[in-house]
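Raw contents of start.cif, mmCIF, C-alpha atoms (C1' of nucleotides):
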```cif
data_my_file
#
loop_
_atom_site.label_atom_id
_atom_site.label_comp_id
_atom_site.auth_asym_id
_atom_site.auth_seq_id
_atom_site.Cartn_x
_atom_site.Cartn_y
_atom_site.Cartn_z
CA MET C 1 -27.42 -35.21 2.70
CA ASN C 2 -25.52 -38.48 3.07
CA SER C 3 -21.80 -39.09 2.49
CA ASN C 4 -22.08 -39.95 -1.18
CA ASP C 5 -24.29 -36.97 -1.91
CA LEU C 6 -21.89 -34.74 0.01
CA ILE C 7 -18.92 -35.94 -2.01
CA ASP C 8 -20.75 -35.47 -5.29
CA PHE C 9 -21.92 -32.05 -4.22
CA VAL C 10 -18.63 -30.65 -2.97
CA LYS C 11 -16.68 -32.01 -5.92
CA ALA C 12 -19.11 -30.33 -8.30
CA ALA C 13 -19.00 -27.07 -6.38
CA MET C 14 -15.24 -27.06 -5.78
CA PRO C 15 -13.30 -28.27 -8.80
CA TYR C 16 -10.02 -28.18 -6.91
CA LEU C 17 -11.32 -30.93 -4.62
CA GLU C 18 -11.30 -33.38 -7.50
CA GLU C 19 -7.82 -34.66 -6.80
CA VAL C 20 -8.40 -35.20 -3.11
CA PRO C 21 -9.28 -38.83 -2.34
CA THR C 22 -12.84 -39.30 -1.05
CA VAL C 23 -11.60 -41.09 2.04
CA GLN C 24 -9.62 -37.99 2.97
CA ILE C 25 -12.47 -35.60 2.32
CA LEU C 26 -14.76 -37.44 4.71
CA LYS C 27 -12.21 -36.95 7.46
CA PHE C 28 -12.67 -33.21 7.50
CA MET C 29 -16.12 -32.53 6.10
CA SER C 30 -19.70 -32.88 7.23
CA VAL C 31 -23.02 -31.20 6.47
CA ILE C 32 -24.95 -29.26 9.10
CA GLN C 33 -28.06 -27.11 9.37
CA LYS C 34 -28.11 -23.94 11.46
CA PRO C 35 -30.84 -21.32 12.05
CA LYS C 36 -30.63 -17.60 11.30
CA GLY C 37 -28.78 -15.70 13.99
CA THR C 38 -26.33 -18.53 14.77
CA LYS C 39 -22.83 -17.25 15.49
CA LEU C 40 -20.43 -19.57 13.72
CA PHE C 41 -17.46 -17.59 15.03
CA SER C 42 -17.27 -15.30 18.06
CA GLU C 43 -14.76 -12.54 18.65
CA GLY C 44 -12.03 -13.64 21.04
CA LYS C 45 -12.75 -17.36 20.76
CA ARG C 46 -10.84 -20.10 18.98
CA HIS C 47 -12.60 -22.22 16.39
CA SER C 48 -11.34 -25.19 14.44
CA ASN C 49 -13.99 -25.12 11.73
CA PHE C 50 -14.79 -23.24 8.62
CA TYR C 51 -17.72 -23.56 6.24
CA PHE C 52 -19.00 -23.75 2.70
CA ILE C 53 -22.50 -22.36 2.17
CA ILE C 54 -24.90 -24.72 0.40
CA LYS C 55 -27.91 -22.52 1.17
CA GLY C 56 -28.09 -19.33 3.23
CA ALA C 57 -26.26 -16.10 3.93
CA ALA C 58 -23.80 -14.83 6.53
CA LYS C 59 -22.01 -11.70 7.59
CA SER C 60 -18.68 -11.11 9.31
CA TYR C 61 -18.26 -8.13 11.59
CA TYR C 62 -16.19 -6.49 14.28
CA LEU C 63 -17.64 -4.51 17.15
CA LYS C 64 -16.44 -0.93 17.41
CA GLU C 65 -17.88 1.03 20.30
CA GLY C 66 -20.96 -1.15 20.33
CA LYS C 67 -21.55 -0.84 16.59
CA GLU C 68 -21.15 -3.67 14.12
CA ILE C 69 -18.84 -3.02 11.21
CA CYS C 70 -19.07 -5.59 8.43
CA LEU C 71 -16.02 -7.08 6.78
CA TRP C 72 -17.84 -9.22 4.26
CA PHE C 73 -21.02 -11.07 3.33
CA ALA C 74 -21.19 -14.62 2.00
CA PHE C 75 -23.87 -16.50 0.09
CA GLU C 76 -24.42 -19.80 -1.70
CA ASN C 77 -21.31 -21.56 -3.05
CA GLU C 78 -18.91 -19.39 -1.07
CA THR C 79 -16.46 -20.40 1.61
CA LEU C 80 -16.59 -18.71 4.96
CA GLY C 81 -14.04 -18.63 7.73
CA SER C 82 -11.42 -16.66 9.55
CA ILE C 83 -7.75 -16.63 8.67
CA MET C 84 -6.96 -15.95 12.32
CA THR C 85 -8.70 -19.06 13.66
CA TYR C 86 -7.31 -21.05 10.73
CA ASN C 87 -3.92 -20.18 12.20
CA GLY C 88 -4.97 -21.27 15.68
CA MET C 89 -5.40 -17.75 17.02
CA PRO C 90 -8.56 -16.37 18.65
CA SER C 91 -11.04 -14.96 16.18
CA ASN C 92 -10.97 -11.21 15.68
CA GLU C 93 -14.36 -11.21 14.03
CA THR C 94 -17.86 -12.51 14.64
CA ILE C 95 -19.53 -14.50 11.86
CA GLU C 96 -23.29 -14.73 12.03
CA LEU C 97 -25.92 -16.32 9.83
CA LEU C 98 -28.33 -13.87 8.20
CA GLU C 99 -30.67 -16.67 7.11
CA ASP C 100 -31.35 -20.28 8.03
CA ALA C 101 -28.51 -22.16 6.39
CA GLU C 102 -27.26 -25.51 5.18
CA LEU C 103 -23.50 -25.68 5.45
CA VAL C 104 -20.58 -27.94 4.69
CA CYS C 105 -18.48 -27.86 7.85
CA TYR C 106 -14.71 -28.33 7.43
CA GLN C 107 -12.53 -29.19 10.39
CA SER C 108 -9.61 -26.89 9.81
CA ASP C 109 -7.27 -28.56 12.29
CA VAL C 110 -7.72 -31.91 10.54
CA LEU C 111 -7.40 -30.23 7.16
CA ARG C 112 -4.14 -28.55 8.15
CA LYS C 113 -2.68 -31.80 9.39
CA LEU C 114 -3.68 -33.57 6.20
CA ALA C 115 -2.28 -30.74 4.09
CA LYS C 116 1.14 -31.22 5.67
CA GLU C 117 1.20 -34.82 4.45
CA ASN C 118 -1.00 -34.90 1.38
CA LEU C 119 -0.22 -32.94 -1.74
CA ALA C 120 -3.81 -32.84 -3.04
CA VAL C 121 -5.07 -31.44 0.26
CA SER C 122 -2.21 -28.96 0.35
CA ASN C 123 -3.14 -27.76 -3.12
CA LEU C 124 -6.75 -27.43 -1.94
CA THR C 125 -5.91 -25.21 1.03
CA HIS C 126 -3.46 -23.31 -1.14
CA LYS C 127 -6.25 -22.54 -3.59
CA MET C 128 -8.60 -21.42 -0.84
CA LEU C 129 -6.00 -19.12 0.67
CA GLU C 130 -5.28 -17.66 -2.71
CA GLU C 131 -8.94 -16.84 -3.28
CA HIS C 132 -9.15 -15.27 0.15
CA ALA C 133 -6.06 -13.15 -0.48
CA LEU C 134 -7.47 -11.95 -3.81
CA PHE C 135 -10.69 -10.95 -2.11
CA LEU C 136 -8.86 -9.04 0.63
CA GLU C 137 -6.74 -7.30 -1.96
CA TYR C 138 -9.86 -6.22 -3.82
CA ARG C 139 -11.45 -4.89 -0.63
CA LEU C 140 -8.30 -3.01 0.31
CA HIS C 141 -8.10 -1.48 -3.13
CA GLN C 142 -11.72 -0.35 -2.92
CA LEU C 143 -11.21 1.28 0.46
CA LEU C 144 -7.97 3.05 -0.38
CA PHE C 145 -8.72 4.25 -3.88
CA ILE C 146 -12.42 4.66 -4.37
CA SER C 147 -15.00 6.97 -2.82
CA GLY C 148 -17.97 5.70 -0.84
CA LYS C 149 -20.25 6.49 -3.75
CA GLU C 150 -18.15 4.51 -6.20
CA ARG C 151 -17.93 1.60 -3.77
CA TYR C 152 -21.71 1.61 -3.57
CA GLU C 153 -22.03 1.62 -7.35
CA ASN C 154 -19.52 -1.20 -7.69
CA LEU C 155 -21.41 -3.28 -5.16
CA VAL C 156 -24.72 -2.72 -7.00
CA GLU C 157 -22.95 -3.79 -10.18
CA SER C 158 -21.01 -6.78 -8.85
CA ALA C 159 -23.35 -8.14 -6.18
CA PRO C 160 -26.91 -6.81 -6.51
CA GLU C 161 -28.25 -9.75 -4.51
CA VAL C 162 -26.62 -8.23 -1.42
CA PHE C 163 -29.30 -5.54 -1.43
CA GLN C 164 -32.05 -8.16 -1.36
CA ARG C 165 -30.60 -10.09 1.54
CA VAL C 166 -28.65 -7.70 3.78
CA SER C 167 -29.84 -4.62 5.67
CA LEU C 168 -28.67 -1.18 4.53
CA THR C 169 -27.23 -0.65 7.99
CA ASP C 170 -24.87 -3.57 7.47
CA ILE C 171 -24.10 -2.56 3.90
CA ALA C 172 -23.20 0.98 5.02
CA SER C 173 -20.66 -0.34 7.50
CA TYR C 174 -19.30 -2.72 4.84
CA LEU C 175 -18.81 0.24 2.50
CA GLY C 176 -17.14 2.25 5.26
CA VAL C 177 -19.74 5.05 5.38
CA SER C 178 -22.47 5.94 7.84
CA ARG C 179 -26.00 4.69 7.39
CA GLU C 180 -27.16 8.23 6.63
CA THR C 181 -24.52 8.80 3.97
CA LEU C 182 -25.50 5.57 2.24
CA SER C 183 -29.10 6.66 2.31
CA ARG C 184 -28.15 9.95 0.63
CA ILE C 185 -25.99 8.22 -1.97
CA ARG C 186 -28.93 5.99 -2.88
CA ASN C 187 -31.30 8.92 -3.26
CA GLN C 188 -29.11 11.28 -5.18
CA GLY C 189 -27.98 9.07 -7.97
CA MET U 1 26.60 -14.57 -3.01
CA ASN U 2 27.17 -18.05 -4.41
CA SER U 3 24.78 -21.02 -4.36
CA ASN U 4 25.90 -22.43 -1.04
CA ASP U 5 25.78 -19.06 0.66
CA LEU U 6 22.34 -18.46 -0.82
CA ILE U 7 21.03 -21.74 0.51
CA ASP U 8 22.45 -21.10 3.97
CA PHE U 9 21.07 -17.61 3.95
CA VAL U 10 17.55 -18.32 2.83
CA LYS U 11 17.20 -21.34 5.09
CA ALA U 12 18.22 -19.20 8.05
CA ALA U 13 15.89 -16.39 7.07
CA MET U 14 12.94 -18.61 6.14
CA PRO U 15 12.49 -21.52 8.53
CA TYR U 16 9.74 -23.03 6.41
CA LEU U 17 12.25 -23.61 3.63
CA GLU U 18 14.08 -26.18 5.74
CA GLU U 19 12.13 -29.10 4.40
CA VAL U 20 12.54 -28.15 0.76
CA PRO U 21 15.43 -30.02 -0.88
CA THR U 22 18.33 -27.78 -1.90
CA VAL U 23 18.21 -29.05 -5.44
CA GLN U 24 14.63 -27.79 -5.71
CA ILE U 25 15.39 -24.42 -4.17
CA LEU U 26 18.08 -23.70 -6.74
CA LYS U 27 15.53 -24.21 -9.49
CA PHE U 28 13.51 -21.18 -8.50
CA MET U 29 15.89 -18.89 -6.63
CA SER U 30 18.74 -16.56 -7.46
CA VAL U 31 20.31 -13.45 -5.98
CA ILE U 32 20.30 -10.11 -7.79
CA GLN U 33 21.31 -6.49 -7.19
CA LYS U 34 19.14 -3.60 -8.35
CA PRO U 35 19.51 0.18 -7.94
CA LYS U 36 17.10 2.56 -6.25
CA GLY U 37 14.16 3.47 -8.49
CA THR U 38 14.00 0.08 -10.24
CA LYS U 39 10.44 -1.02 -10.93
CA LEU U 40 10.24 -4.69 -10.07
CA PHE U 41 6.57 -4.79 -11.09
CA SER U 42 4.68 -2.44 -13.40
CA GLU U 43 0.97 -1.86 -13.46
CA GLY U 44 -0.68 -3.73 -16.31
CA LYS U 45 2.24 -6.08 -16.96
CA ARG U 46 2.69 -9.75 -16.21
CA HIS U 47 5.65 -10.87 -14.10
CA SER U 48 6.74 -14.35 -13.13
CA ASN U 49 9.00 -13.35 -10.26
CA PHE U 50 8.75 -12.29 -6.69
CA TYR U 51 11.43 -11.31 -4.21
CA PHE U 52 12.89 -11.57 -0.74
CA ILE U 53 14.75 -8.49 0.46
CA ILE U 54 18.27 -9.15 1.75
CA LYS U 55 19.09 -5.44 1.87
CA GLY U 56 17.03 -2.45 0.78
CA ALA U 57 13.51 -1.07 0.80
CA ALA U 58 10.55 -1.02 -1.58
CA LYS U 59 7.08 0.41 -1.93
CA SER U 60 3.99 -0.81 -3.74
CA TYR U 61 1.55 1.70 -5.17
CA TYR U 62 -1.35 2.30 -7.51
CA LEU U 63 -1.78 5.41 -9.59
CA LYS U 64 -4.99 7.33 -9.00
CA GLU U 65 -5.42 10.42 -11.13
CA GLY U 66 -1.67 10.79 -11.43
CA LYS U 67 -1.05 10.40 -7.71
CA GLU U 68 0.69 7.43 -6.14
CA ILE U 69 -1.20 5.67 -3.39
CA CYS U 70 0.89 3.22 -1.38
CA LEU U 71 -0.34 -0.24 -0.49
CA TRP U 72 2.65 -1.31 1.53
CA PHE U 73 6.36 -0.89 2.22
CA ALA U 74 8.85 -3.70 2.57
CA PHE U 75 12.31 -3.90 4.16
CA GLU U 76 14.99 -6.42 5.03
CA ASN U 77 13.84 -10.02 5.56
CA GLU U 78 10.45 -9.43 4.02
CA THR U 79 8.92 -11.02 0.95
CA LEU U 80 7.63 -8.82 -1.79
CA GLY U 81 5.34 -9.64 -4.69
CA SER U 82 1.90 -9.38 -6.17
CA ILE U 83 -0.84 -11.91 -5.64
CA MET U 84 -2.24 -10.95 -9.04
CA THR U 85 0.91 -11.75 -11.00
CA TYR U 86 1.41 -14.86 -8.85
CA ASN U 87 -1.90 -15.98 -10.36
CA GLY U 88 -0.75 -15.20 -13.88
CA MET U 89 -2.78 -12.01 -14.18
CA PRO U 90 -1.38 -8.57 -15.09
CA SER U 91 -0.13 -6.62 -12.08
CA ASN U 92 -2.51 -4.08 -10.62
CA GLU U 93 0.27 -2.37 -8.70
CA THR U 94 3.72 -0.95 -9.32
CA ILE U 95 6.52 -2.06 -7.02
CA GLU U 96 9.55 0.20 -6.88
CA LEU U 97 12.80 0.12 -4.95
CA LEU U 98 13.26 3.00 -2.51
CA GLU U 99 16.94 2.14 -1.99
CA ASP U 100 19.65 0.19 -3.78
CA ALA U 101 18.82 -3.41 -2.98
CA GLU U 102 20.09 -6.95 -2.81
CA LEU U 103 17.29 -9.40 -3.47
CA VAL U 104 16.55 -13.08 -3.63
CA CYS U 105 14.57 -13.52 -6.83
CA TYR U 106 12.02 -16.35 -6.93
CA GLN U 107 10.59 -17.59 -10.20
CA SER U 108 6.94 -17.90 -9.29
CA ASP U 109 5.97 -19.94 -12.34
CA VAL U 110 8.61 -22.56 -11.51
CA LEU U 111 7.63 -22.42 -7.86
CA ARG U 112 3.97 -23.00 -8.67
CA LYS U 113 4.78 -25.97 -10.86
CA LEU U 114 6.98 -27.47 -8.18
CA ALA U 115 4.32 -26.86 -5.54
CA LYS U 116 1.83 -28.94 -7.51
CA GLU U 117 4.17 -31.92 -7.31
CA ASN U 118 6.23 -31.42 -4.17
CA LEU U 119 4.70 -31.31 -0.72
CA ALA U 120 7.51 -29.32 0.88
CA VAL U 121 7.29 -26.62 -1.78
CA SER U 122 3.51 -26.61 -1.49
CA ASN U 123 3.80 -26.06 2.24
CA LEU U 124 6.24 -23.23 1.56
CA THR U 125 3.92 -21.35 -0.79
CA HIS U 126 1.04 -22.10 1.56
CA LYS U 127 2.93 -20.43 4.39
CA MET U 128 3.76 -17.39 2.27
CA LEU U 129 0.17 -16.96 1.18
CA GLU U 130 -0.98 -17.25 4.76
CA GLU U 131 1.36 -14.47 5.87
CA HIS U 132 0.21 -12.31 3.02
CA ALA U 133 -3.45 -12.87 3.89
CA LEU U 134 -2.81 -11.99 7.54
CA PHE U 135 -1.12 -8.77 6.48
CA LEU U 136 -4.00 -7.82 4.17
CA GLU U 137 -6.49 -8.57 6.92
CA TYR U 138 -4.59 -6.31 9.30
CA ARG U 139 -4.51 -3.49 6.76
CA LEU U 140 -8.21 -3.88 6.04
CA HIS U 141 -9.01 -3.80 9.72
CA GLN U 142 -6.96 -0.64 10.18
CA LEU U 143 -8.71 1.15 7.32
CA LEU U 144 -12.24 0.15 8.28
CA PHE U 145 -12.07 0.56 12.03
CA ILE U 146 -9.44 3.05 12.97
CA SER U 147 -9.08 6.78 12.36
CA GLY U 148 -6.19 8.27 10.41
CA LYS U 149 -4.64 9.52 13.62
CA GLU U 150 -4.76 6.09 15.25
CA ARG U 151 -3.34 4.49 12.11
CA TYR U 152 -0.46 6.94 12.29
CA GLU U 153 0.16 6.15 15.95
CA ASN U 154 0.05 2.42 15.27
CA LEU U 155 2.57 2.78 12.48
CA VAL U 156 4.94 4.79 14.69
CA GLU U 157 4.58 2.05 17.28
CA SER U 158 4.84 -0.99 15.04
CA ALA U 159 7.25 0.20 12.33
CA PRO U 160 9.17 3.33 13.35
CA GLU U 161 11.85 2.59 10.77
CA VAL U 162 9.34 3.47 8.06
CA PHE U 163 9.68 7.12 9.05
CA GLN U 164 13.44 6.98 8.55
CA ARG U 165 13.26 5.43 5.11
CA VAL U 166 10.03 6.53 3.42
CA SER U 167 8.80 10.02 2.53
CA LEU U 168 5.85 11.47 4.43
CA THR U 169 4.04 11.87 1.13
CA ASP U 170 4.14 8.10 0.62
CA ILE U 171 3.27 7.41 4.25
CA ALA U 172 0.23 9.70 4.04
CA SER U 173 -1.15 7.79 1.06
CA TYR U 174 -0.42 4.51 2.84
CA LEU U 175 -2.43 5.72 5.84
CA GLY U 176 -5.25 6.86 3.57
CA VAL U 177 -5.05 10.56 4.45
CA SER U 178 -3.77 13.60 2.57
CA ARG U 179 -0.23 14.81 2.99
CA GLU U 180 -1.49 17.92 4.77
CA THR U 181 -3.61 15.96 7.24
CA LEU U 182 -0.65 13.77 8.12
CA SER U 183 1.43 16.88 8.68
CA ARG U 184 -1.21 18.20 11.09
CA ILE U 185 -1.52 14.89 12.93
CA ARG U 186 2.23 14.89 13.47
CA ASN U 187 2.27 18.42 14.85
CA GLN U 188 -0.73 18.25 17.10
CA GLY U 189 0.03 15.18 19.10
"C1'" DT J 1 27.86 30.02 -4.19
"C1'" DA J 2 23.76 30.41 -6.76
"C1'" DG J 3 20.10 28.10 -8.59
"C1'" DT J 4 16.99 24.28 -8.88
"C1'" DT J 5 14.27 20.71 -7.20
"C1'" DC J 6 11.89 18.22 -3.85
"C1'" DA J 7 9.88 17.34 0.68
"C1'" DT J 8 7.40 19.37 4.24
"C1'" DG J 9 4.65 22.78 6.98
"C1'" DT J 10 0.74 25.91 7.32
"C1'" DG J 11 -3.29 29.00 6.63
"C1'" DA J 12 -7.84 29.78 4.41
"C1'" DC J 13 -11.63 27.91 2.60
"C1'" DA J 14 -14.86 24.53 0.63
"C1'" DA J 15 -16.73 20.07 0.47
"C1'" DT J 16 -17.76 15.92 2.53
"C1'" DT J 17 -19.21 13.22 6.04
"C1'" DG J 18 -20.68 12.05 10.65
"C1'" DT J 19 -23.83 12.82 14.46
"C1'" DC J 20 -28.11 13.66 16.44
"C1'" DA J 21 -32.96 13.91 16.36
"C1'" DC J 22 -37.05 12.61 14.62
"C1'" DA J 23 -40.41 10.93 11.10
"C1'" DA J 24 -42.02 7.49 8.04
"C1'" DA J 25 -42.32 2.91 6.41
"C1'" DC J 26 -42.10 -1.77 6.97
"C1'" DT J 27 -42.38 -6.57 9.86
"C1'" DA J 28 -43.77 -9.59 12.97
"C1'" DT J 29 -46.69 -11.24 16.41
"C1'" DC J 30 -50.50 -11.73 18.97
"C1'" DG T 1 -55.66 -4.89 12.42
"C1'" DA T 2 -53.38 -2.97 16.58
"C1'" DT T 3 -49.07 -2.65 18.63
"C1'" DA T 4 -44.18 -2.92 19.24
"C1'" DG T 5 -39.93 -3.19 17.28
"C1'" DT T 6 -36.91 -2.56 13.48
"C1'" DT T 7 -35.26 -0.39 9.36
"C1'" DT T 8 -34.82 3.48 6.48
"C1'" DG T 9 -35.12 8.44 5.09
"C1'" DT T 10 -34.17 13.32 6.05
"C1'" DG T 11 -33.01 17.91 7.99
"C1'" DA T 12 -29.80 20.73 10.81
"C1'" DC T 13 -25.53 21.31 12.45
"C1'" DA T 14 -20.70 20.37 13.75
"C1'" DA T 15 -16.42 18.27 12.88
"C1'" DT T 16 -13.19 16.46 9.87
"C1'" DT T 17 -10.71 16.35 5.93
"C1'" DG T 18 -9.31 17.66 1.36
"C1'" DT T 19 -7.81 21.22 -1.82
"C1'" DC T 20 -5.32 25.12 -3.07
"C1'" DA T 21 -1.78 28.39 -2.49
"C1'" DC T 22 2.30 29.62 -0.77
"C1'" DA T 23 6.38 29.57 2.49
"C1'" DT T 24 10.25 27.25 4.33
"C1'" DG T 25 14.09 24.42 4.41
"C1'" DA T 26 16.98 20.69 2.98
"C1'" DA T 27 19.44 18.32 -0.72
"C1'" DC T 28 21.50 18.26 -4.99
"C1'" DT T 29 23.66 20.29 -9.23
"C1'" DA T 30 26.28 23.17 -11.94
#
```

Rewrite the structure of this file - the entire thing - as structure tokens.
Amino acid sequence: MNSNDLIDFVKAAMPYLEEVPTVQILKFMSVIQKPKGTKLFSEGKRHSNFYFIIKGAAKSYYLKEGKEICLWFAFENETLGSIMTYNGMPSNETIELLEDAELVCYQSDVLRKLAKENLAVSNLTHKMLEEHALFLEYRLHQLLFISGKERYENLVESAPEVFQRVSLTDIASYLGVSRETLSRIRNQG
Amino acid sequence: MNSNDLIDFVKAAMPYLEEVPTVQILKFMSVIQKPKGTKLFSEGKRHSNFYFIIKGAAKSYYLKEGKEICLWFAFENETLGSIMTYNGMPSNETIELLEDAELVCYQSDVLRKLAKENLAVSNLTHKMLEEHALFLEYRLHQLLFISGKERYENLVESAPEVFQRVSLTDIASYLGVSRETLSRIRNQG
DNA sequence: TAGTTCATGTGACAATTGTCACAAACTATC
DNA sequence: GATAGTTTGTGACAATTGTCACATGAACTA
């Protein structure tokens, strides 16, 4: 994908980029390819990038006593990153590709600097943060108010593709139940 | 509190307001008093305000089968609002004052309009969103990775004042355990 | 002071869920 | 297609937690 294609693509995919001048966008964006298994973020490390998924899938997880516990999954046309590293802190999560992927790579440090000076860029990052906060709020609500079984049913309803592309082990940890409990939920109705 | 006092106060309390011109601030801010029990937000309703607590305490909760389940508590020098209503959607939570309170009231609709045109205001709302996202991430991490007992211990450590100002019933729902379980945690160590 | 209400503690029991162990099914690779 | 490795299903059991019922004690009201 060349620069012009990139601009056309990201503007189509992200309507709130429309107002950002092309010359600015090219300062903080590029397209990369990465194979399955690549760790885009590693726990404890600082990163000054985040990503938009053109093609592929990823998971975010923490390690708890050697076990992975998934925070989220991301697929095509979703943005992927860590609010901690966006703030310059070390990452508290690991983000790993579940499939070979084509990604738009944002340089978050450049983006933040631009946002401080450029209203269109500021509105862009504002929008992204807002979407992230809404997602976190939804997750929190699910965990506090809804049983494991209901969370499973909601996931089947809202994101059935997850079950085609992510292992049940990862999904169980995402739902906050053990692998065995998820297996029983699936087989009992 | 008059206009000048308000400006001095909020600029001292919120460093990221420094760059916002006073004339702009007065467009979206005022100071109000409200008694204990006031519902600043009600589930299902739209609101175009959010608040900064000068003095007082508040809780946010959902209703689940008649029971309140607390999302968060807020005290002096904290900002309080709903990301849903900020986005123009109906509130999914109720926010209620636990004590008589003095509040800075922001008009979020005015603030959003200003942010679209004014870089300093945009940076302000950006900063607020970022803090909110970090808080949600912390809560999510606690719920997914840490046992009820550890969550209790972390709360004692990080916010002991909560136990002076909030009922154990509310704290139990905040921690995601039953009132009885919290009682046992407290008496066993 | 008596009565009422509300917050909290506690015991008994049931239900849910996790853990462990192992079997079955599926994948990938040679 | 044989083998190794991974993923998923399942049974037995233990541990945790929730629910229900009731007791206690503090706070508030009349």

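From atom CA of U:Val104 back to atom CA of U:Ile54, the distance works out to 6.9 Å.
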
**OP:** Report the residues retrieved by the PyMOL selection byres ((chain C) within 9 of (chain U)) from the displayed file, expressed as a ChimeraX atom specification.
**Re:** /C:62,64,69-71,83-84,87,115-120,122-123,125-127,129-130,132-134,136-137,139-141,143-145,173-176

To verify the selection step, state as an mmCIF file with C-alpha atoms (C1' of nucleotides), in the frame of the given file which residues the PyMOL selection byres ((chain T) within 12 of (chain U)) yields on this input.
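Result went into expr-v2.cif, see below:
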```cif
data_model
loop_
_atom_site.group_PDB
_atom_site.id
_atom_site.type_symbol
_atom_site.label_atom_id
_atom_site.label_comp_id
_atom_site.auth_asym_id
_atom_site.auth_seq_id
_atom_site.Cartn_x
_atom_site.Cartn_y
_atom_site.Cartn_z
ATOM 1 C "C1'" DT T 16 -13.190 16.460 9.870
ATOM 2 C "C1'" DT T 17 -10.710 16.350 5.930
ATOM 3 C "C1'" DG T 18 -9.310 17.660 1.360
ATOM 4 C "C1'" DT T 19 -7.810 21.220 -1.820
ATOM 5 C "C1'" DC T 20 -5.320 25.120 -3.070
#
```

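The residues of chain J lying at most 12 Å from chain C, with only C-alpha atoms (C1' of nucleotides) taken into account, are DT16, DT17, DG18, DT19 and DC20 of chain J.
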
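When atom CA of U:Asp8 is paired with atom CA of U:Ile25, their separation reads 11.3 Å.
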
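Excluding J:DA24 itself and same-chain residues fewer than 4 positions from it, the residues having an atom within 12 Å of it are T:DT7, T:DT8, T:DG9, T:DT10, counting all atoms listed in the file.
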
Those residues with C-alpha atoms (C1' of nucleotides), as a PDB file, in the coordinates of the input please?
```pdb
ATOM      1  C1'  DT T   7     -35.260  -0.390   9.360  1.00  0.00           C
ATOM      2  C1'  DT T   8     -34.820   3.480   6.480  1.00  0.00           C
ATOM      3  C1'  DG T   9     -35.120   8.440   5.090  1.00  0.00           C
ATOM      4  C1'  DT T  10     -34.170  13.320   6.050  1.00  0.00           C
TER       5       DT T  10
END
```

**OP:** Name the residues captured by the PyMOL selection byres ((chain T and resi 27) around 12) when it is applied to the shown file; answer as a list in words.
**Re:** DT4, DT5, DC6 and DA7 of chain J; DG25, DA26, DC28 and DT29 of chain T
